[in-house]
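First the structure, in the form of structure tokens, and then the observations on it.
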Amino acid sequence: MTTSVIHTQALAKLYRTGVGLHPLNLEIKLGEIFGFLGPNGAGKTTAIRTLMGYLRPTGGAAQVLGLDLARHTREIHARVGYLPGELRLAPHLTAQELFGILGRLRGGMSGRQVQSLTERFGLDASRPLGTLSKGNKQKVGLIAALLGQPDLLILDEPTDGLDPLVHDEVLQVLREFRTEGRTVFLSSHVLAEVEQVADRVGIIRAGRLVTVARVADLKAQLPHRLEVRFAHPVPEGVFQALPELRDVQVEHQTLRCVVVGEADHLIKTLAAYRVLEVRGHQPSLEDVFLSFYREEAHVDSVAL
Amino acid sequence: MWTQLLFDDLRTTRRTTLWWMAGLALYVAVSWAFYPVVRDSPDLAQFVERLPEALRQTFGAQDLVSPGGYAWARLFSLLLPITLVIYSIRAGTRAVAGDEEQGRLEVLLAQPITRTELLAARTASLAANLLVLGVGIFTVTALGARLVQADLDGARLLLATAQVILLAWALGAVALALGTATGRPGLASGLAFALTLGAYLIHSLSPQVPALQPWRVVSPFWYAVGQSPFAGPPDARGVGVLLLVGVVAVLLATPAFLRRDIGR
């Protein structure tokens, strides 16, 4: 058994207009939650729909759960739970009926699993889907994806439209899913949620994968903003001389600066003074994201 | 697995089909209710005889008075086939392209089923719905005829029903095939209806326009309602042609369906 759950080799879906998904090389490992990040229109959905076999790739190849995407769609789908980005359900069916249909297509499902999930998400499964709010429909889609114990979840914007409580419950379900040794591939433009659950993230911009990294590593690359309060005024020049510091400001007894890279020099310099307080600001994925997007002037207008 | 898909689709479509069935049954029943009036009216028989031959042929009104002639003129020559074709093109368009445009194939195709299975199930569902309508039409017509003491030949009624149902099948399958190959419901129903109108034009004009006569064999109407199954020697060959046209249309669309993108 291979440990790579999704493996793409230059998988591409390019439209005649030049937009779409540029050759994508990606490896998702067994048992991880992978966050696929990018603003709307960056190509997340195109990539996911290509991986699901809805869109025929214009180049490259992909294996999902060790099976070739082009030849084993049925076998792959038997082990994958999928939530589409734009979920449309037959309005006259109830959630219960829909789960019944999908369960039969998957060759049997456990009623207990459906019941525990509907209770957990607080869903009334007896109402026609057409009468449900956006958030409740999203719950239906999520439960549908979780039916039948898939080995891999592919979720396109899973928390879209959910209220904060259900949102957290969904993230919790994903963590439990991972605990059982299964894999989640989710896309999002909400960085905070990906930061909460994902082990690794891939950032996609204009159809190209810009970077793949562990969330912790990505954050480590980021400059840390630091604020140090001293018992007595300190000379500004001492800190300006440190190469790892940027944006150095000294006001009375307070130093504000940005640390890039190692903090060793700074700590040793600080040791010479009486420090009352050190405050750091955790860089968020938002900062990572923005820094990647700012690098390119022509994407400044992209709405985040 | 595709039978499961078929059952689920039949459940989705049954309400629509039953309403159409109710409308058709009502039309058939009311037609028979007025049969005694027509039969017992000597004026009407004479009136029909005085109509120009071309007009009588066009409207299938050679013989309005015998049970078979009445059933042909009132039901099977024009109104039932046209209504069934409208039903069938609508249903055929919805089967794949319509559902796809509504985004409803997305969750379905995420299940362990192939596109071929989906297409087979949706095609079989169209056929099954038409079969239900056919059984309904046959039953209501036979019952209605009996209630007004019209002696309608059962075998000829069966042939007449099969012909109009298979006409609807052929054109509905063309709509389904066009939608399946392109994913565009508007194009599918538009082209299928245009085809229907063109075919009907050839069929209805060819008795009078000699130039069109060689062309009538390309019109599905020729095989379905080219001549009354209630008069002359019965000929079931047209039924086979129509069945084949529908099957071939769907088969031809299959490779394009497997190649193309779903949704967009």
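Going by the structure tokens order, chains are called A, B, ..., each with residues numbered from 1, while ligands are numbered from 1 in the order shown.
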
Which chain A residues are at most 8 Å from chain B (counting only C-alpha atoms), as a compact mmCIF listing (two decimals) with N, CA and C atoms, in the first residue's frame?
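Writing the result to iface-v7.txt gives the following:
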```
# COMPACT_ATOMS: atom_id res chain seq x y z
N MET A 52 -11.91 14.51 -9.64
CA MET A 52 -13.10 13.69 -9.49
C MET A 52 -13.51 13.05 -10.82
N TYR A 54 -14.76 14.65 -13.42
CA TYR A 54 -15.81 15.37 -14.14
C TYR A 54 -15.23 16.11 -15.33
N LEU A 55 -14.06 16.70 -15.11
CA LEU A 55 -13.39 17.40 -16.20
C LEU A 55 -12.30 16.49 -16.73
N ARG A 56 -12.22 16.39 -18.04
CA ARG A 56 -11.19 15.54 -18.63
C ARG A 56 -9.91 16.35 -18.74
N THR A 73 -12.27 5.25 -12.38
CA THR A 73 -13.11 6.23 -11.70
C THR A 73 -14.07 5.57 -10.72
N ARG A 74 -14.69 4.45 -11.14
CA ARG A 74 -15.67 3.81 -10.27
C ARG A 74 -15.03 3.33 -8.97
N GLU A 75 -13.89 2.65 -9.08
CA GLU A 75 -13.23 2.13 -7.89
C GLU A 75 -12.78 3.26 -6.98
N ILE A 76 -12.33 4.36 -7.62
CA ILE A 76 -11.91 5.51 -6.82
C ILE A 76 -13.11 6.10 -6.09
N HIS A 77 -14.19 6.30 -6.82
CA HIS A 77 -15.36 6.93 -6.20
C HIS A 77 -15.96 6.09 -5.07
N ALA A 78 -15.76 4.77 -5.16
CA ALA A 78 -16.28 3.90 -4.10
C ALA A 78 -15.58 4.20 -2.78
N VAL A 80 -14.09 7.38 -2.10
CA VAL A 80 -13.93 8.82 -1.92
C VAL A 80 -15.28 9.45 -1.57
N GLY A 81 -15.27 10.33 -0.58
CA GLY A 81 -16.45 11.14 -0.28
C GLY A 81 -16.21 12.53 -0.83
N TYR A 82 -17.20 13.06 -1.55
CA TYR A 82 -17.00 14.32 -2.26
C TYR A 82 -18.09 15.32 -1.92
N LEU A 83 -17.67 16.54 -1.65
CA LEU A 83 -18.63 17.63 -1.48
C LEU A 83 -18.36 18.67 -2.56
N PRO A 84 -19.32 18.88 -3.48
CA PRO A 84 -19.08 19.87 -4.53
C PRO A 84 -19.10 21.29 -3.97
N GLU A 86 -20.41 23.85 -5.47
CA GLU A 86 -21.74 24.39 -5.68
C GLU A 86 -22.71 23.23 -5.58
N LEU A 87 -23.26 23.07 -4.39
CA LEU A 87 -24.09 21.90 -4.11
C LEU A 87 -25.52 22.13 -4.59
N ARG A 88 -25.98 21.27 -5.49
CA ARG A 88 -27.38 21.36 -5.94
C ARG A 88 -28.05 20.03 -5.69
N LEU A 89 -29.17 20.09 -5.00
CA LEU A 89 -29.86 18.87 -4.64
C LEU A 89 -31.28 18.90 -5.18
N ALA A 90 -31.81 17.74 -5.48
CA ALA A 90 -33.18 17.65 -5.97
C ALA A 90 -34.12 18.17 -4.88
N ILE A 101 -30.76 6.85 -1.25
CA ILE A 101 -30.35 6.64 -2.64
C ILE A 101 -28.83 6.45 -2.70
N LEU A 102 -28.11 7.37 -2.07
CA LEU A 102 -26.65 7.30 -2.14
C LEU A 102 -26.14 6.05 -1.45
N ARG A 104 -27.65 3.19 -1.20
CA ARG A 104 -27.86 2.02 -2.06
C ARG A 104 -26.84 2.00 -3.19
N LEU A 105 -26.50 3.20 -3.73
CA LEU A 105 -25.50 3.23 -4.80
C LEU A 105 -24.13 2.81 -4.28
N ARG A 106 -23.92 3.06 -3.00
CA ARG A 106 -22.63 2.69 -2.41
C ARG A 106 -22.66 1.27 -1.88
```

Selection: 12 Å around Asp68 of chain A, only C-alpha atoms, excl. self and same-chain fewer than 2 positions, as a PDB file with C-alpha atoms, in the first residue's frame:
```
ATOM      1  CA  VAL A   5      -3.342   9.164  -1.535  1.00  0.00           C
ATOM      2  CA  ILE A   6      -3.427  11.709  -4.309  1.00  0.00           C
ATOM      3  CA  HIS A   7      -0.523  11.919  -6.701  1.00  0.00           C
ATOM      4  CA  THR A   8      -0.606  14.103  -9.782  1.00  0.00           C
ATOM      5  CA  GLN A   9       2.007  14.368 -12.510  1.00  0.00           C
ATOM      6  CA  LEU A  51      -9.508  14.905  -9.758  1.00  0.00           C
ATOM      7  CA  MET A  52     -13.099  13.692  -9.491  1.00  0.00           C
ATOM      8  CA  GLY A  53     -13.160  12.819 -13.182  1.00  0.00           C
ATOM      9  CA  GLY A  60      -0.709  14.785 -17.301  1.00  0.00           C
ATOM     10  CA  ALA A  61      -1.902  11.952 -15.137  1.00  0.00           C
ATOM     11  CA  ALA A  62      -3.100  11.346 -11.603  1.00  0.00           C
ATOM     12  CA  GLN A  63      -3.476   8.475  -9.189  1.00  0.00           C
ATOM     13  CA  VAL A  64      -6.042   8.579  -6.440  1.00  0.00           C
ATOM     14  CA  LEU A  65      -5.731   5.957  -3.696  1.00  0.00           C
ATOM     15  CA  GLY A  66      -3.150   4.300  -5.900  1.00  0.00           C
ATOM     16  CA  ALA A  70      -8.425   7.888 -16.168  1.00  0.00           C
ATOM     17  CA  ARG A  71      -9.266   4.196 -15.891  1.00  0.00           C
ATOM     18  CA  HIS A  72     -10.625   3.478 -12.425  1.00  0.00           C
ATOM     19  CA  THR A  73     -13.111   6.228 -11.703  1.00  0.00           C
ATOM     20  CA  ARG A  74     -15.667   3.810 -10.268  1.00  0.00           C
ATOM     21  CA  GLU A  75     -13.232   2.127  -7.891  1.00  0.00           C
ATOM     22  CA  ILE A  76     -11.908   5.510  -6.822  1.00  0.00           C
ATOM     23  CA  HIS A  77     -15.361   6.930  -6.200  1.00  0.00           C
TER      24      HIS A  77
END
```

Excluding same-chain residues fewer than 5 positions from Val218 of chain B, what lies within 10 Å of it counting only C-alpha atoms, as a list in words? Ala199, Ile202, His203 and Tyr223 of chain B

Show me, as a list of chain:residue names, the residues that have an atom within 9 Å of segment 37-39 of chain B when counting only C-alpha atoms, minus same-chain residues fewer than 2 positions from it.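 Here the answer would be B:Ala33, B:Phe34, B:Tyr35, B:Ser41, B:Pro42, B:Leu44, B:Ala45, B:Leu64, B:Val65, B:Ser66, B:Pro67, B:Tyr70.
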
Enumerate as an MDAnalysis selection string all residues of segment 139-260 of chain A assigned to helix (DSSP H, G or I) by DSSP on the backbone, naming them with the chain letters and numbers the document uses. chainID A and resid 139:146 164:179 191:197 215:221 236:240

Would you output that residue set with N, CA and C atoms, as a CSV table (one decimal), in the first residue's frame?
```
chain,number,residue,atom,x,y,z
A,139,LYS,N,-24.9,21.0,5.2
A,139,LYS,CA,-24.8,19.9,6.1
A,139,LYS,C,-25.2,18.6,5.4
A,140,VAL,N,-26.2,18.7,4.6
A,140,VAL,CA,-26.7,17.5,3.9
A,140,VAL,C,-25.5,17.0,3.0
A,141,GLY,N,-24.9,18.0,2.3
A,141,GLY,CA,-23.8,17.6,1.4
A,141,GLY,C,-22.6,17.0,2.1
A,142,LEU,N,-22.3,17.5,3.3
A,142,LEU,CA,-21.2,17.0,4.1
A,142,LEU,C,-21.5,15.6,4.6
A,143,ILE,N,-22.8,15.4,5.1
A,143,ILE,CA,-23.1,14.0,5.5
A,143,ILE,C,-23.1,13.0,4.4
A,144,ALA,N,-23.6,13.5,3.2
A,144,ALA,CA,-23.5,12.6,2.0
A,144,ALA,C,-22.1,12.3,1.7
A,145,ALA,N,-21.2,13.2,1.9
A,145,ALA,CA,-19.8,12.9,1.6
A,145,ALA,C,-19.2,11.9,2.6
A,146,LEU,N,-19.7,12.0,3.8
A,146,LEU,CA,-19.1,11.1,4.9
A,146,LEU,C,-19.7,9.7,4.9
A,164,PRO,N,-21.1,29.5,13.0
A,164,PRO,CA,-19.9,29.2,13.7
A,164,PRO,C,-19.9,27.9,14.5
A,165,LEU,N,-21.0,27.6,15.1
A,165,LEU,CA,-21.0,26.4,15.9
A,165,LEU,C,-20.8,25.1,15.1
A,166,VAL,N,-21.6,25.0,14.0
A,166,VAL,CA,-21.6,23.9,13.1
A,166,VAL,C,-20.2,23.9,12.4
A,167,HIS,N,-19.7,25.0,12.1
A,167,HIS,CA,-18.4,25.2,11.5
A,167,HIS,C,-17.3,24.5,12.3
A,168,ASP,N,-17.3,24.7,13.6
A,168,ASP,CA,-16.4,24.1,14.5
A,168,ASP,C,-16.6,22.6,14.6
A,169,GLU,N,-17.9,22.2,14.6
A,169,GLU,CA,-18.2,20.8,14.6
A,169,GLU,C,-17.7,20.1,13.4
A,170,VAL,N,-17.8,20.7,12.2
A,170,VAL,CA,-17.3,20.1,11.0
A,170,VAL,C,-15.8,19.9,11.1
A,171,LEU,N,-15.1,21.0,11.5
A,171,LEU,CA,-13.6,20.8,11.6
A,171,LEU,C,-13.3,19.7,12.6
A,172,GLN,N,-14.1,19.6,13.7
A,172,GLN,CA,-13.8,18.5,14.6
A,172,GLN,C,-14.0,17.1,14.0
A,173,VAL,N,-15.1,17.0,13.1
A,173,VAL,CA,-15.3,15.8,12.4
A,173,VAL,C,-14.1,15.4,11.5
A,174,LEU,N,-13.6,16.5,10.9
A,174,LEU,CA,-12.5,16.2,10.0
A,174,LEU,C,-11.2,15.8,10.8
A,175,ARG,N,-11.0,16.3,12.0
A,175,ARG,CA,-9.9,15.9,12.8
A,175,ARG,C,-10.1,14.4,13.2
A,176,GLU,N,-11.3,14.1,13.6
A,176,GLU,CA,-11.6,12.7,13.9
A,176,GLU,C,-11.3,11.8,12.8
A,177,PHE,N,-11.7,12.2,11.6
A,177,PHE,CA,-11.5,11.5,10.4
A,177,PHE,C,-10.0,11.2,10.2
A,178,ARG,N,-9.3,12.2,10.4
A,178,ARG,CA,-7.8,12.0,10.3
A,178,ARG,C,-7.3,11.1,11.4
A,179,THR,N,-7.8,11.2,12.6
A,179,THR,CA,-7.4,10.3,13.6
A,179,THR,C,-7.5,8.8,13.2
A,191,LEU,N,-8.8,31.3,5.3
A,191,LEU,CA,-7.5,30.9,5.8
A,191,LEU,C,-7.5,30.4,7.2
A,192,ALA,N,-8.3,31.0,8.0
A,192,ALA,CA,-8.4,30.7,9.5
A,192,ALA,C,-8.8,29.3,9.7
A,193,GLU,N,-9.7,28.8,8.9
A,193,GLU,CA,-10.2,27.4,9.1
A,193,GLU,C,-9.1,26.4,8.7
A,194,VAL,N,-8.5,26.7,7.6
A,194,VAL,CA,-7.4,25.8,7.1
A,194,VAL,C,-6.3,25.7,8.1
A,195,GLU,N,-6.0,26.9,8.7
A,195,GLU,CA,-4.9,26.9,9.7
A,195,GLU,C,-5.3,26.1,10.9
A,196,GLN,N,-6.6,26.0,11.2
A,196,GLN,CA,-7.1,25.3,12.4
A,196,GLN,C,-6.9,23.8,12.2
A,197,VAL,N,-7.1,23.3,11.0
A,197,VAL,CA,-7.1,21.8,10.8
A,197,VAL,C,-6.0,21.2,10.0
A,215,VAL,N,2.1,23.9,7.5
A,215,VAL,CA,1.5,25.2,8.0
A,215,VAL,C,2.6,25.8,8.9
A,216,ALA,N,3.2,25.0,9.8
A,216,ALA,CA,4.2,25.6,10.8
A,216,ALA,C,5.4,26.2,10.0
A,217,ASP,N,5.9,25.5,9.0
A,217,ASP,CA,7.0,26.0,8.2
A,217,ASP,C,6.7,27.3,7.5
A,218,LEU,N,5.5,27.3,6.9
A,218,LEU,CA,5.1,28.5,6.2
A,218,LEU,C,5.1,29.7,7.2
A,219,LYS,N,4.6,29.5,8.4
A,219,LYS,CA,4.6,30.5,9.4
A,219,LYS,C,6.0,30.9,9.8
A,220,ALA,N,6.9,29.9,9.9
A,220,ALA,CA,8.2,30.2,10.4
A,220,ALA,C,9.0,31.1,9.4
A,221,GLN,N,8.6,31.0,8.1
A,221,GLN,CA,9.3,31.8,7.1
A,221,GLN,C,8.9,33.3,7.3
A,236,GLU,N,18.7,53.4,20.6
A,236,GLU,CA,18.1,52.9,19.4
A,236,GLU,C,19.2,52.2,18.5
A,237,GLY,N,20.4,52.8,18.5
A,237,GLY,CA,21.4,52.3,17.6
A,237,GLY,C,21.8,50.9,17.7
A,238,VAL,N,21.7,50.4,19.0
A,238,VAL,CA,22.1,49.0,19.3
A,238,VAL,C,21.3,48.1,18.5
A,239,PHE,N,20.0,48.3,18.4
A,239,PHE,CA,19.1,47.4,17.8
A,239,PHE,C,19.1,47.6,16.2
A,240,GLN,N,19.3,48.8,15.8
A,240,GLN,CA,19.4,49.1,14.4
A,240,GLN,C,20.5,48.4,13.7
```

Which of B:Leu6, B:Leu130, B:Val250, B:Val85 sits closest to Gly179 of chain B [using only C-alpha atoms]: B:Val250
